[in-house]
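Chemist: Below are the C-alpha cells for one structure; questions will follow.
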Amino acid sequence: MHLETVVTIQELWLALAAVWVVTRFGSKRVKQRESPAGYLGRVVLLVVLFEFLFNDRLATGWLGARFVPRSQNVADTGIALTAIGIALAIWARLCLGGNWSGTVTLKEGHELIRSGPYARIRHPIYTGFAMAMAGTALAIGEWRAVLAFAGVTLAHYWKARKEEAWLAREFGPAFEEHRARTGMFLPRLVVR
C-alpha cells in the first residue's frame, strides 16, 4: 500500500476517534451497564484486530498475501468506502446524542432513537464501522485486513444482540415495532 493511502486511511480513523472523544462528554447518566469483563474483552479484541490492520510486521505468511491486485483504483475505492463508513458512524453517533455509550448501557431517560440513519437501520454505527473496515481492508488488500474486518464485524454483532435484548426489555412494544420496520445492519427491504 502506498504511503499516501496509509496516511489517508489513518487520518480518517483518527477523525472518527476524535469525534468519539469529543462527544463522549455529553452523555446522560448511566442507569444500567454491562459488566466490566464484557466491555474489557471486547476492547482487547478490537485493539488486537486494529493491530492486524495497521501493523505491517504482521503481514507474514498467508496474512500478508493479497486478496485483490495492487492498484490505485482499488486503493481509492477502499479510501472512499472507509470515508463513507466513517461518515455514517459519525452521523449515527451524533443522532444518538446523550444516549450513546461505548458499553452496552441504558441511560437515565434513555430514548429510542428513530431519526436519521436509525429510521432504517437499528445499528448504523456498526454498519458504518463495517463499511469503513471493509474499505480499509480493500485498501490494504491483504488477508490480515480481511481477518480484522471479520473479527470487528462479529464483535459488533454480539454487542448489537446484547443491546437489542436490553432495548426490548426497556421499550417493549415500541422496540418490537422499530425492529419490524428496520434492519439490524442494513435497511429492511420488506417491512414486516
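Identifiers for the C-alpha cells are assigned positionally: chains receive A, B, ... in sequence, residues are indexed from 1 per chain, and ligands are indexed from 1 in the order shown.
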Which residues come within 9 Å of range 170-172 of chain A, counting only C-alpha atoms, excluding same-chain residues fewer than 5 positions away, as an MDAnalysis selection string?
Modeler: chainID A and resid 106 110:112 165 177
Chemist: Store the residues picked out above in a file with C-alpha atoms, as a compact mmCIF listing (two decimals), in the first residue's frame.
Modeler:
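The resulting file, out-v2.txt, is shown below:
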```txt
# COMPACT_ATOMS: atom_id res chain seq x y z
CA LEU A 106 -29.17 2.03 29.47
CA HIS A 110 -32.94 6.72 27.65
CA GLU A 111 -34.70 7.36 24.34
CA LEU A 112 -35.37 5.00 21.46
CA ALA A 165 -32.17 -7.59 24.35
CA GLU A 177 -42.35 -2.12 16.21
```
Chemist: May I have the residues within 8 Å of Ile86 in chain A as an mmCIF file with N, CA and C atoms, in the first residue's frame, using only C-alpha atoms and disregarding those fewer than 2 positions away in the same chain?
Modeler:
```cif
data_model
loop_
_atom_site.group_PDB
_atom_site.id
_atom_site.type_symbol
_atom_site.label_atom_id
_atom_site.label_comp_id
_atom_site.auth_asym_id
_atom_site.auth_seq_id
_atom_site.Cartn_x
_atom_site.Cartn_y
_atom_site.Cartn_z
ATOM 1 N N LEU A 12 -8.551 9.237 8.454
ATOM 2 C CA LEU A 12 -9.995 9.003 8.546
ATOM 3 C C LEU A 12 -10.352 8.356 9.882
ATOM 4 N N TRP A 13 -9.604 7.322 10.264
ATOM 5 C CA TRP A 13 -9.866 6.646 11.535
ATOM 6 C C TRP A 13 -9.583 7.571 12.717
ATOM 7 N N LEU A 16 -12.546 9.856 13.230
ATOM 8 C CA LEU A 16 -13.610 9.146 13.950
ATOM 9 C C LEU A 16 -13.296 9.102 15.444
ATOM 10 N N THR A 82 -14.067 3.614 3.136
ATOM 11 C CA THR A 82 -13.710 3.945 4.513
ATOM 12 C C THR A 82 -14.317 5.286 4.905
ATOM 13 N N ALA A 83 -14.195 6.278 4.047
ATOM 14 C CA ALA A 83 -14.730 7.617 4.346
ATOM 15 C C ALA A 83 -16.248 7.594 4.492
ATOM 16 N N ILE A 84 -16.936 6.881 3.623
ATOM 17 C CA ILE A 84 -18.402 6.794 3.698
ATOM 18 C C ILE A 84 -18.815 6.086 4.990
ATOM 19 N N LEU A 88 -20.963 7.732 8.067
ATOM 20 C CA LEU A 88 -22.205 7.137 8.578
ATOM 21 C C LEU A 88 -22.120 6.923 10.086
ATOM 22 N N ALA A 89 -21.000 6.398 10.564
ATOM 23 C CA ALA A 89 -20.835 6.161 12.005
ATOM 24 C C ALA A 89 -20.910 7.474 12.785
ATOM 25 N N ILE A 90 -20.289 8.525 12.262
ATOM 26 C CA ILE A 90 -20.329 9.828 12.942
ATOM 27 C C ILE A 90 -21.742 10.388 12.943
ATOM 28 N N GLY A 128 -21.584 1.527 9.821
ATOM 29 C CA GLY A 128 -20.518 2.431 9.392
ATOM 30 C C GLY A 128 -19.140 1.859 9.666
ATOM 31 N N PHE A 129 -18.966 1.259 10.856
ATOM 32 C CA PHE A 129 -17.688 0.625 11.179
ATOM 33 C C PHE A 129 -17.391 -0.511 10.203
ATOM 34 N N MET A 131 -18.481 -0.915 7.151
ATOM 35 C CA MET A 131 -18.173 -0.347 5.832
ATOM 36 C C MET A 131 -16.752 0.232 5.825
ATOM 37 N N ALA A 132 -16.398 0.950 6.891
ATOM 38 C CA ALA A 132 -15.057 1.530 6.971
ATOM 39 C C ALA A 132 -13.992 0.440 7.070
#
```
Chemist: Might you pull out every residue within 12 Å of range 135-138 of chain A, with only C-alpha atoms counted and same-chain residues fewer than 2 positions away left off, and present them as a ChimeraX atom specification?
Modeler: /A:1,5-13,49-50,52-54,63-64,66-86,128-133,140-150,152
Chemist: Can you tell me, as a ChimeraX atom specification, what residues are no more than 12 Å from Leu189 in chain A when counting only C-alpha atoms, ignoring any on the same chain fewer than 6 positions away?
Modeler: /A:120-121,180-183
Chemist: How about saving the chosen residues, N, CA and C atoms kept, as a PDB file, in the first residue's frame?
Modeler:
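Ended up saving to result09.pdb:
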```pdb
ATOM      1  N   ARG A 120     -33.992   3.662   9.442  1.00  0.00           N
ATOM      2  CA  ARG A 120     -33.925   2.490   8.562  1.00  0.00           C
ATOM      3  C   ARG A 120     -33.064   1.344   9.092  1.00  0.00           C
ATOM      4  N   ILE A 121     -32.105   1.689   9.973  1.00  0.00           N
ATOM      5  CA  ILE A 121     -31.132   0.709  10.462  1.00  0.00           C
ATOM      6  C   ILE A 121     -31.065   0.826  11.986  1.00  0.00           C
ATOM      7  N   ALA A 180     -39.369  -4.337  13.640  1.00  0.00           N
ATOM      8  CA  ALA A 180     -40.115  -4.823  12.473  1.00  0.00           C
ATOM      9  C   ALA A 180     -39.944  -3.910  11.260  1.00  0.00           C
ATOM     10  N   ARG A 181     -39.616  -2.645  11.487  1.00  0.00           N
ATOM     11  CA  ARG A 181     -39.519  -1.675  10.393  1.00  0.00           C
ATOM     12  C   ARG A 181     -38.078  -1.443   9.916  1.00  0.00           C
ATOM     13  N   THR A 182     -37.115  -1.904  10.686  1.00  0.00           N
ATOM     14  CA  THR A 182     -35.717  -1.613  10.371  1.00  0.00           C
ATOM     15  C   THR A 182     -34.909  -2.898  10.263  1.00  0.00           C
ATOM     16  N   GLY A 183     -33.785  -2.794   9.594  1.00  0.00           N
ATOM     17  CA  GLY A 183     -32.843  -3.902   9.552  1.00  0.00           C
ATOM     18  C   GLY A 183     -31.795  -3.724  10.632  1.00  0.00           C
TER      19      GLY A 183
END
```
Chemist: Check range 18-50 of chain A with DSSP on the backbone and list each residue it calls alpha helix (DSSP H), as a PyMOL selection string.
Modeler: chain A and resi 18-23+36-50
Chemist: Could you dump the residues just selected with N, CA and C atoms as a tab-separated table (two decimals), in the first residue's frame?
Modeler:
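Result file follows (again12.tsv):
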```tsv
chain	number	residue	atom	x	y	z
A	18	ALA	N	-11.48	11.13	17.17
A	18	ALA	CA	-11.61	12.48	17.73
A	18	ALA	C	-13.08	12.81	18.02
A	19	VAL	N	-13.97	12.47	17.10
A	19	VAL	CA	-15.40	12.71	17.32
A	19	VAL	C	-15.88	11.91	18.52
A	20	TRP	N	-15.44	10.67	18.64
A	20	TRP	CA	-15.84	9.82	19.76
A	20	TRP	C	-15.40	10.43	21.09
A	21	VAL	N	-14.18	10.95	21.13
A	21	VAL	CA	-13.66	11.53	22.37
A	21	VAL	C	-14.43	12.82	22.71
A	22	VAL	N	-14.61	13.69	21.75
A	22	VAL	CA	-15.26	14.98	22.00
A	22	VAL	C	-16.72	14.79	22.39
A	23	THR	N	-17.44	13.90	21.74
A	23	THR	CA	-18.88	13.74	22.00
A	23	THR	C	-19.15	12.90	23.24
A	36	PRO	N	-17.87	-5.03	33.53
A	36	PRO	CA	-16.56	-4.58	33.05
A	36	PRO	C	-15.82	-5.66	32.26
A	37	ALA	N	-16.01	-6.92	32.63
A	37	ALA	CA	-15.32	-8.01	31.92
A	37	ALA	C	-15.78	-8.09	30.46
A	38	GLY	N	-17.10	-7.94	30.23
A	38	GLY	CA	-17.61	-7.97	28.86
A	38	GLY	C	-17.06	-6.84	28.02
A	39	TYR	N	-17.02	-5.66	28.61
A	39	TYR	CA	-16.50	-4.49	27.91
A	39	TYR	C	-15.00	-4.64	27.64
A	40	LEU	N	-14.25	-5.04	28.66
A	40	LEU	CA	-12.81	-5.18	28.53
A	40	LEU	C	-12.45	-6.23	27.48
A	41	GLY	N	-13.16	-7.35	27.47
A	41	GLY	CA	-12.90	-8.38	26.47
A	41	GLY	C	-13.08	-7.86	25.06
A	42	ARG	N	-14.14	-7.09	24.83
A	42	ARG	CA	-14.40	-6.54	23.50
A	42	ARG	C	-13.33	-5.51	23.11
A	43	VAL	N	-12.91	-4.66	24.07
A	43	VAL	CA	-11.88	-3.66	23.78
A	43	VAL	C	-10.56	-4.33	23.42
A	44	VAL	N	-10.16	-5.34	24.17
A	44	VAL	CA	-8.91	-6.06	23.87
A	44	VAL	C	-8.98	-6.68	22.48
A	45	LEU	N	-10.11	-7.31	22.17
A	45	LEU	CA	-10.29	-7.91	20.85
A	45	LEU	C	-10.17	-6.85	19.75
A	46	LEU	N	-10.81	-5.70	19.93
A	46	LEU	CA	-10.77	-4.64	18.92
A	46	LEU	C	-9.35	-4.08	18.75
A	47	VAL	N	-8.63	-3.92	19.84
A	47	VAL	CA	-7.24	-3.43	19.75
A	47	VAL	C	-6.39	-4.42	18.96
A	48	VAL	N	-6.54	-5.71	19.25
A	48	VAL	CA	-5.77	-6.73	18.52
A	48	VAL	C	-6.14	-6.70	17.03
A	49	LEU	N	-7.41	-6.59	16.72
A	49	LEU	CA	-7.84	-6.59	15.32
A	49	LEU	C	-7.36	-5.34	14.58
A	50	PHE	N	-7.39	-4.18	15.23
A	50	PHE	CA	-6.86	-2.97	14.59
A	50	PHE	C	-5.35	-3.08	14.40
```
Chemist: Which neighbours of Trp100 in chain A fall inside 8 Å, counting only C-alpha atoms, when residues of the same chain fewer than 6 positions from it are skipped, and could you give them as a list of chain:residue names?
Modeler: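 Listed by chain and then number, they are A:Arg24, A:Ser27, A:Arg93.
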Chemist: Using only N, CA and C atoms, please write the residues we just selected to a file, as a compact mmCIF listing (two decimals), in the first residue's frame.
Modeler:
```
# COMPACT_ATOMS: atom_id res chain seq x y z
N ARG A 24 -18.15 12.30 23.79
CA ARG A 24 -18.33 11.46 24.98
C ARG A 24 -18.82 12.28 26.18
N SER A 27 -22.89 12.70 27.46
CA SER A 27 -23.73 11.53 27.73
C SER A 27 -24.57 11.69 28.99
N ARG A 93 -23.73 8.49 15.45
CA ARG A 93 -23.30 8.86 16.81
C ARG A 93 -23.91 10.19 17.22
```
Chemist: Point out the residue among A:Val30, A:Val190, A:Leu94, A:Leu154 with the least atom-to-atom distance to Tyr126 in chain A, counting only C-alpha atoms.
Modeler: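 Smallest separation from Tyr126 in chain A among the options: A:Leu154.
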Chemist: Write out as a ChimeraX atom specification all residues of range 34-185 of chain A that backbone DSSP assigns to strand (DSSP E or B).
Modeler: /A:66,105-107,121,142,183
Chemist: With only C-alpha atoms as the basis for distance, which of A:Ala155, A:Ile113, A:Ala174, A:Val104 is at the shortest distance from Lys31 in chain A?
Modeler: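 Of A:Ala155, A:Ile113, A:Ala174, A:Val104, the one nearest Lys31 in chain A is A:Val104, counting only C-alpha atoms.
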Chemist: Expressed in Å to a single decimal, how great is the separation between CA of Ser115 in chain A and CA of Arg179 in chain A?
Modeler: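 Answer for the CA of Ser115 in chain A to CA of Arg179 in chain A separation: 13.8 Å.
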Chemist: With only C-alpha atoms as the basis for distance, which of A:Ala134, A:Leu96, A:Ala87, A:Ala15 is at the shortest distance from Tyr118 in chain A?
Modeler: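 Among A:Ala134, A:Leu96, A:Ala87, A:Ala15, it is A:Leu96 that comes nearest to Tyr118 in chain A.
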Chemist: Considering only C-alpha atoms, can you say which of A:Leu14, A:Ala168, A:Ile125, A:Cys95 comes closest to Thr153 in chain A?
Modeler: A:Ile125
